[in-house]
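Working notes, structure below.
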Amino acid sequence: MALDEAAAVADTGATEFDAVVIGAGPVGLFAVFELGLVDIKTCVIDILDRPGGQCAELYPEKPIYDIPALPTVTGQELTDRLMEQIKPFGAEFIFSERVDELQRGEDGRFHLKTDAGREIIAKVVVIAAGGGSFTPKRPPLDGIEAYEGKSVFYAVRRMEDLRGKDVLIVGGGDSALDWTLNLAPIANSLTLLHRRDEFRGAPHSVEKMRALVAEGRVRLLIGQVTKLDGADGQLEAVTVKTAGGEERVTANAMLPFFGLTMKLGPVASWGLNLNENLILVDTEKFETSEKGIFAVGDINLYPGKLKLILSGFHEAALMAQAAYKIVHPDKKLLFQYTTSSSSLQKKLGVK
Amino acid sequence: MVKLVFIQPDGDSQTVEAEPGVTVMEAAKLNDIAGIEAECGGACACATCHVYVDADWVEKTGKPEAIEEDMLDFAFDVRPESRLSCQIKVTPALDGLTLRVPAKQF
Ligand SMILES: Cc1cc2nc3c(=O)[nH]c(=O)nc-3n(C[C@H](O)[C@H](O)[C@H](O)COP(=O)(O)OP(=O)(O)OC[C@H]3O[C@@H](n4cnc5c(N)ncnc54)[C@H](O)[C@@H]3O)c2cc1C
Ligand code: FES
């Protein structure tokens, strides 16, 4: 569903929204709900390929015990329920894109640009970026930065770039296995390196990988990289620590797959007042130092802040009241309950 | 209270006291042990609380469970005595437990 919706945006070419929510974590999702109740149409952007933020990426199967009225709910269930709850508001979702630029235009509205070059204009911006955008983990090997983007890659953008190369894939999950299967036919040689002879990836991928190893088309090596060798960003070989000692493996392309971690990323360059990577907000509107830009959830900081989902939900509710005044400056907002307001119920599609 | 000894890569050692029932990671964080990051707060979801259990203690602390073993795939320089410190519960039997902090967390 998520990807279809993203495609819909591209099709209609719609680039103007009342509000853009940066981050589809639980708090960003609930912000869509609160904004929707006050007639603000939103677009949600996340670098991940699906909603849920930390809940979906870091602990989908783990139970959360402190969501009011849900004695226990897993990270994925919470995400699914939020998606269901916000469905009536028809938010546009853009996944697998990172918001890189955020500026106020001459018209007073905000202009955003993603890493895919997409441009979006909005009257208000809600930063729900949590711990930052999810980025691949960098192995702490000396000098690895110099190779990144030249011969060390954390994602494959164009398979053709790896044709004829001596490829080293490191990791034991689905990404490592999938790329092993995809690249084996076009690489000059392919070595899959993992610290143990057990893989977390899907069993059928493991089987296929083992078949390639049996045919001699992939080399499976059990060990860990300790050193990179090369010059001018071009990798030549790596040193691998194995059970038997050390081995030098020739490789001119390395793909390390060690999962994702959260990095603040572009948020830091948007000119907002920060304190140790967190955006300072007031506790009335959860507005940042820039009028019209709000910050909710794990990314914000104020006296007494707790990084809890429940707190983020509260922040979203108050933020929406303030956002309303910017998006609908001429209208007066009437405080209403979803239980009794027929207009709210109409918006929710229950009446 | 149970005594825990943390040895840094440079050989520096620190002894802390921990209440039985807390995890080794929590004891480390409460005592500001350098090199234990514990980004996920003990949910076995980050591997940045990686430690090496001293050879004499490996038997007493036991083997990692499957989910910890999976998570260790995300740690750097994993060895047979590697554990995620958030998955080791402090018990009176672990009095004197000695742990080495790795040079790098991922
Ligand atoms: C293991 C674990 C257990 C937890 N247990 C609990 C619990 O029991 N109870 C509780 O209340 N909380 C718990 N938390 C904390 C809770 O998950 C967070 O408070 C919550 O996820 C914060 O939600 P959020 O929407 O603010 O941000 P996040 O969930 O961090 O989502 C932010 C999203 O923004 C995206 N993003 C950031 N920058 C950009 C950008 N520039 N462009 C595009 N996308 C961007 C990120 O990719 C991410 O998907 C736990 C956390 C962890 C890790
Ligand atoms: S604290 Fe994250 S795995 Fe131990």
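Letters A, B, ... mark the chains of the structure tokens in the order given; residue numbers begin at 1 per chain; ligand numbers begin at 1, in order shown.
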Once you count only C-alpha atoms and all ligand atoms, what closest atom pair and distance in Å to one decimal does each residue of chain A within 12 Å of ligand 2 have, with rows by chain and rising residue number, as CSV?
residue,atom,partner,partner_atom_place_in_ligand_line,distance
A:Leu58,CA,ligand 2,2 (Fe),10.1
A:Tyr59,CA,ligand 2,2 (Fe),11.0
A:Thr261,CA,ligand 2,2 (Fe),11.5
*Produce as a ChimeraX atom specification the set of residues near ligand 1, where near means within 7 Å with only C-alpha atoms and all ligand atoms considered.*
/A:22-28,45-48,51-55,58-59,64-67,97-100,128-134,264-267,296-299,307-310,312 /B:40-41,43,45
*Atom pair CA of Asp12 in chain B / CA of Asp142 in chain A: separation (Å)*: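 Going from CA of Asp12 in chain B over to CA of Asp142 in chain A, I get 23.1 Å.
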*Residue with smallest distance to chain A - pool B:Gly11, B:Gly62, B:Gly42, B:Pro92, counting only C-alpha atoms*: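 The answer is B:Gly42, which sits nearest to chain A.
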*Using only C-alpha atoms, which chain B residues lie at most 8 Å away from chain A, written as a list in words?*
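On the chain B side, the interface is Ala45, Asp70, Asp73, Phe74, Phe76, Asp77, Val78, Lys104, Gln105 and Phe106 of chain B.
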For the residues in that selection, give me all heavy atoms as an mmCIF file, in the first residue's frame.
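Resulting contents of result-v6.cif:
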data_model
loop_
_atom_site.group_PDB
_atom_site.id
_atom_site.type_symbol
_atom_site.label_atom_id
_atom_site.label_comp_id
_atom_site.auth_asym_id
_atom_site.auth_seq_id
_atom_site.Cartn_x
_atom_site.Cartn_y
_atom_site.Cartn_z
ATOM 1 N N ALA B 45 18.599 -4.682 20.740
ATOM 2 C CA ALA B 45 18.277 -4.222 19.395
ATOM 3 C C ALA B 45 19.345 -3.310 18.801
ATOM 4 O O ALA B 45 19.111 -2.694 17.777
ATOM 5 C CB ALA B 45 16.924 -3.492 19.412
ATOM 6 N N ASP B 70 22.023 -13.441 17.265
ATOM 7 C CA ASP B 70 21.698 -12.724 16.019
ATOM 8 C C ASP B 70 22.167 -11.272 16.096
ATOM 9 O O ASP B 70 22.725 -10.729 15.155
ATOM 10 C CB ASP B 70 20.183 -12.726 15.768
ATOM 11 C CG ASP B 70 19.703 -14.038 15.158
ATOM 12 O OD1 ASP B 70 20.557 -14.891 14.841
ATOM 13 O OD2 ASP B 70 18.481 -14.202 15.000
ATOM 14 N N ASP B 73 25.738 -10.250 15.489
ATOM 15 C CA ASP B 73 26.172 -10.040 14.098
ATOM 16 C C ASP B 73 26.429 -8.561 13.825
ATOM 17 O O ASP B 73 27.119 -8.209 12.880
ATOM 18 C CB ASP B 73 25.095 -10.526 13.112
ATOM 19 C CG ASP B 73 25.063 -12.040 12.976
ATOM 20 O OD1 ASP B 73 25.939 -12.709 13.561
ATOM 21 O OD2 ASP B 73 24.160 -12.541 12.287
ATOM 22 N N PHE B 74 25.827 -7.696 14.631
ATOM 23 C CA PHE B 74 25.953 -6.253 14.408
ATOM 24 C C PHE B 74 27.024 -5.626 15.301
ATOM 25 O O PHE B 74 27.145 -4.412 15.369
ATOM 26 C CB PHE B 74 24.612 -5.553 14.656
ATOM 27 C CG PHE B 74 23.534 -6.015 13.725
ATOM 28 C CD1 PHE B 74 22.557 -6.895 14.152
ATOM 29 C CD2 PHE B 74 23.524 -5.588 12.407
ATOM 30 C CE1 PHE B 74 21.567 -7.331 13.278
ATOM 31 C CE2 PHE B 74 22.538 -6.023 11.530
ATOM 32 C CZ PHE B 74 21.562 -6.891 11.967
ATOM 33 N N PHE B 76 31.151 -5.297 16.535
ATOM 34 C CA PHE B 76 32.442 -5.287 15.866
ATOM 35 C C PHE B 76 33.419 -6.174 16.637
ATOM 36 O O PHE B 76 33.424 -6.165 17.861
ATOM 37 C CB PHE B 76 32.963 -3.848 15.800
ATOM 38 C CG PHE B 76 34.200 -3.705 14.965
ATOM 39 C CD1 PHE B 76 34.126 -3.860 13.591
ATOM 40 C CD2 PHE B 76 35.425 -3.420 15.548
ATOM 41 C CE1 PHE B 76 35.259 -3.726 12.799
ATOM 42 C CE2 PHE B 76 36.562 -3.289 14.758
ATOM 43 C CZ PHE B 76 36.485 -3.442 13.388
ATOM 44 N N ASP B 77 34.242 -6.911 15.890
ATOM 45 C CA ASP B 77 35.255 -7.790 16.487
ATOM 46 C C ASP B 77 34.631 -8.727 17.539
ATOM 47 O O ASP B 77 34.963 -8.682 18.719
ATOM 48 C CB ASP B 77 36.390 -6.960 17.109
ATOM 49 C CG ASP B 77 37.600 -7.832 17.436
ATOM 50 O OD1 ASP B 77 37.574 -9.041 17.122
ATOM 51 O OD2 ASP B 77 38.568 -7.297 18.032
ATOM 52 N N VAL B 78 33.729 -9.551 17.055
ATOM 53 C CA VAL B 78 33.041 -10.504 17.933
ATOM 54 C C VAL B 78 33.952 -11.701 18.192
ATOM 55 O O VAL B 78 34.623 -12.194 17.294
ATOM 56 C CB VAL B 78 31.724 -10.974 17.274
ATOM 57 C CG1 VAL B 78 30.995 -11.962 18.166
ATOM 58 C CG2 VAL B 78 30.840 -9.774 16.968
ATOM 59 N N LYS B 104 36.085 -0.692 20.117
ATOM 60 C CA LYS B 104 35.111 0.063 19.324
ATOM 61 C C LYS B 104 33.746 -0.596 19.407
ATOM 62 O O LYS B 104 33.651 -1.817 19.378
ATOM 63 C CB LYS B 104 35.522 0.064 17.845
ATOM 64 C CG LYS B 104 36.784 0.837 17.555
ATOM 65 C CD LYS B 104 37.260 0.517 16.153
ATOM 66 C CE LYS B 104 38.538 1.248 15.809
ATOM 67 N NZ LYS B 104 39.089 0.787 14.525
ATOM 68 N N GLN B 105 32.727 0.218 19.512
ATOM 69 C CA GLN B 105 31.364 -0.280 19.323
ATOM 70 C C GLN B 105 30.989 0.131 17.912
ATOM 71 O O GLN B 105 31.524 1.087 17.373
ATOM 72 C CB GLN B 105 30.385 0.357 20.321
ATOM 73 C CG GLN B 105 30.689 0.095 21.781
ATOM 74 C CD GLN B 105 30.257 -1.283 22.278
ATOM 75 O OE1 GLN B 105 29.806 -2.130 21.529
ATOM 76 N NE2 GLN B 105 30.435 -1.509 23.572
ATOM 77 N N PHE B 106 30.057 -0.581 17.318
ATOM 78 C CA PHE B 106 29.683 -0.252 15.946
ATOM 79 C C PHE B 106 29.093 1.142 15.891
ATOM 80 O O PHE B 106 28.380 1.562 16.772
ATOM 81 C CB PHE B 106 28.630 -1.251 15.444
ATOM 82 C CG PHE B 106 28.942 -1.765 14.092
ATOM 83 C CD1 PHE B 106 29.381 -3.060 13.917
ATOM 84 C CD2 PHE B 106 28.801 -0.945 12.986
ATOM 85 C CE1 PHE B 106 29.668 -3.535 12.656
ATOM 86 C CE2 PHE B 106 29.085 -1.413 11.725
ATOM 87 C CZ PHE B 106 29.528 -2.719 11.553
#
*Which of range 282-324 of chain A counts as strand (DSSP E or B) under DSSP, as a PyMOL selection string please?*
chain A and resi 287+293-295+300-301
Restricting it to N, CA, C and O atoms, dump the selection as a PDB file, in the first residue's frame.
ATOM      1  N   GLU A 287       6.563  24.502  18.834  1.00  0.00           N
ATOM      2  CA  GLU A 287       7.114  25.197  17.680  1.00  0.00           C
ATOM      3  C   GLU A 287       8.613  25.393  17.904  1.00  0.00           C
ATOM      4  O   GLU A 287       9.065  25.560  19.035  1.00  0.00           O
ATOM      5  N   ILE A 293       7.417  26.092  11.798  1.00  0.00           N
ATOM      6  CA  ILE A 293       8.092  24.783  11.821  1.00  0.00           C
ATOM      7  C   ILE A 293       7.950  24.223  13.233  1.00  0.00           C
ATOM      8  O   ILE A 293       8.401  24.838  14.208  1.00  0.00           O
ATOM      9  N   PHE A 294       7.309  23.081  13.327  1.00  0.00           N
ATOM     10  CA  PHE A 294       7.090  22.441  14.611  1.00  0.00           C
ATOM     11  C   PHE A 294       7.985  21.205  14.726  1.00  0.00           C
ATOM     12  O   PHE A 294       8.426  20.676  13.713  1.00  0.00           O
ATOM     13  N   ALA A 295       8.235  20.772  15.946  1.00  0.00           N
ATOM     14  CA  ALA A 295       8.992  19.529  16.130  1.00  0.00           C
ATOM     15  C   ALA A 295       8.327  18.724  17.234  1.00  0.00           C
ATOM     16  O   ALA A 295       8.073  19.247  18.326  1.00  0.00           O
ATOM     17  N   ASN A 300      12.561  16.416  19.649  1.00  0.00           N
ATOM     18  CA  ASN A 300      12.493  17.730  20.292  1.00  0.00           C
ATOM     19  C   ASN A 300      12.999  17.702  21.734  1.00  0.00           C
ATOM     20  O   ASN A 300      13.233  16.644  22.315  1.00  0.00           O
ATOM     21  N   LEU A 301      13.191  18.902  22.262  1.00  0.00           N
ATOM     22  CA  LEU A 301      13.666  19.013  23.641  1.00  0.00           C
ATOM     23  C   LEU A 301      13.009  20.214  24.310  1.00  0.00           C
ATOM     24  O   LEU A 301      12.894  21.282  23.726  1.00  0.00           O
TER      25      LEU A 301
END
*Using DSSP on the backbone coordinates, identify the residues of range 37-125 of chain A assigned to helix (DSSP H, G or I); present them as a VMD selection string.*
chain A and resid 37 53 to 57 75 to 89
May I have the selected residues written with C-alpha atoms, as a PDB file, in the first residue's frame?
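Saved result, out.pdb, follows:
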ATOM      1  CA  LEU A  37      -9.042  16.534  12.679  1.00  0.00           C
ATOM      2  CA  GLY A  53      10.103   4.585  12.500  1.00  0.00           C
ATOM      3  CA  GLN A  54      11.911   2.954  15.408  1.00  0.00           C
ATOM      4  CA  CYS A  55       8.898   0.771  16.230  1.00  0.00           C
ATOM      5  CA  ALA A  56       8.952  -0.916  12.830  1.00  0.00           C
ATOM      6  CA  GLU A  57      12.679  -0.832  12.191  1.00  0.00           C
ATOM      7  CA  GLY A  75       6.015  -2.107  17.575  1.00  0.00           C
ATOM      8  CA  GLN A  76       4.549  -3.382  14.309  1.00  0.00           C
ATOM      9  CA  GLU A  77       1.004  -3.655  15.678  1.00  0.00           C
ATOM     10  CA  LEU A  78       1.162  -0.096  16.966  1.00  0.00           C
ATOM     11  CA  THR A  79       2.286   1.048  13.519  1.00  0.00           C
ATOM     12  CA  ASP A  80      -0.474  -0.894  11.774  1.00  0.00           C
ATOM     13  CA  ARG A  81      -3.090   0.508  14.134  1.00  0.00           C
ATOM     14  CA  LEU A  82      -1.895   4.064  13.628  1.00  0.00           C
ATOM     15  CA  MET A  83      -2.014   3.586   9.855  1.00  0.00           C
ATOM     16  CA  GLU A  84      -5.584   2.368  10.216  1.00  0.00           C
ATOM     17  CA  GLN A  85      -6.501   5.268  12.483  1.00  0.00           C
ATOM     18  CA  ILE A  86      -5.165   7.928  10.100  1.00  0.00           C
ATOM     19  CA  LYS A  87      -6.525   6.344   6.952  1.00  0.00           C
ATOM     20  CA  PRO A  88      -9.613   8.615   6.747  1.00  0.00           C
ATOM     21  CA  PHE A  89      -7.359  11.647   6.306  1.00  0.00           C
TER      22      PHE A  89
END
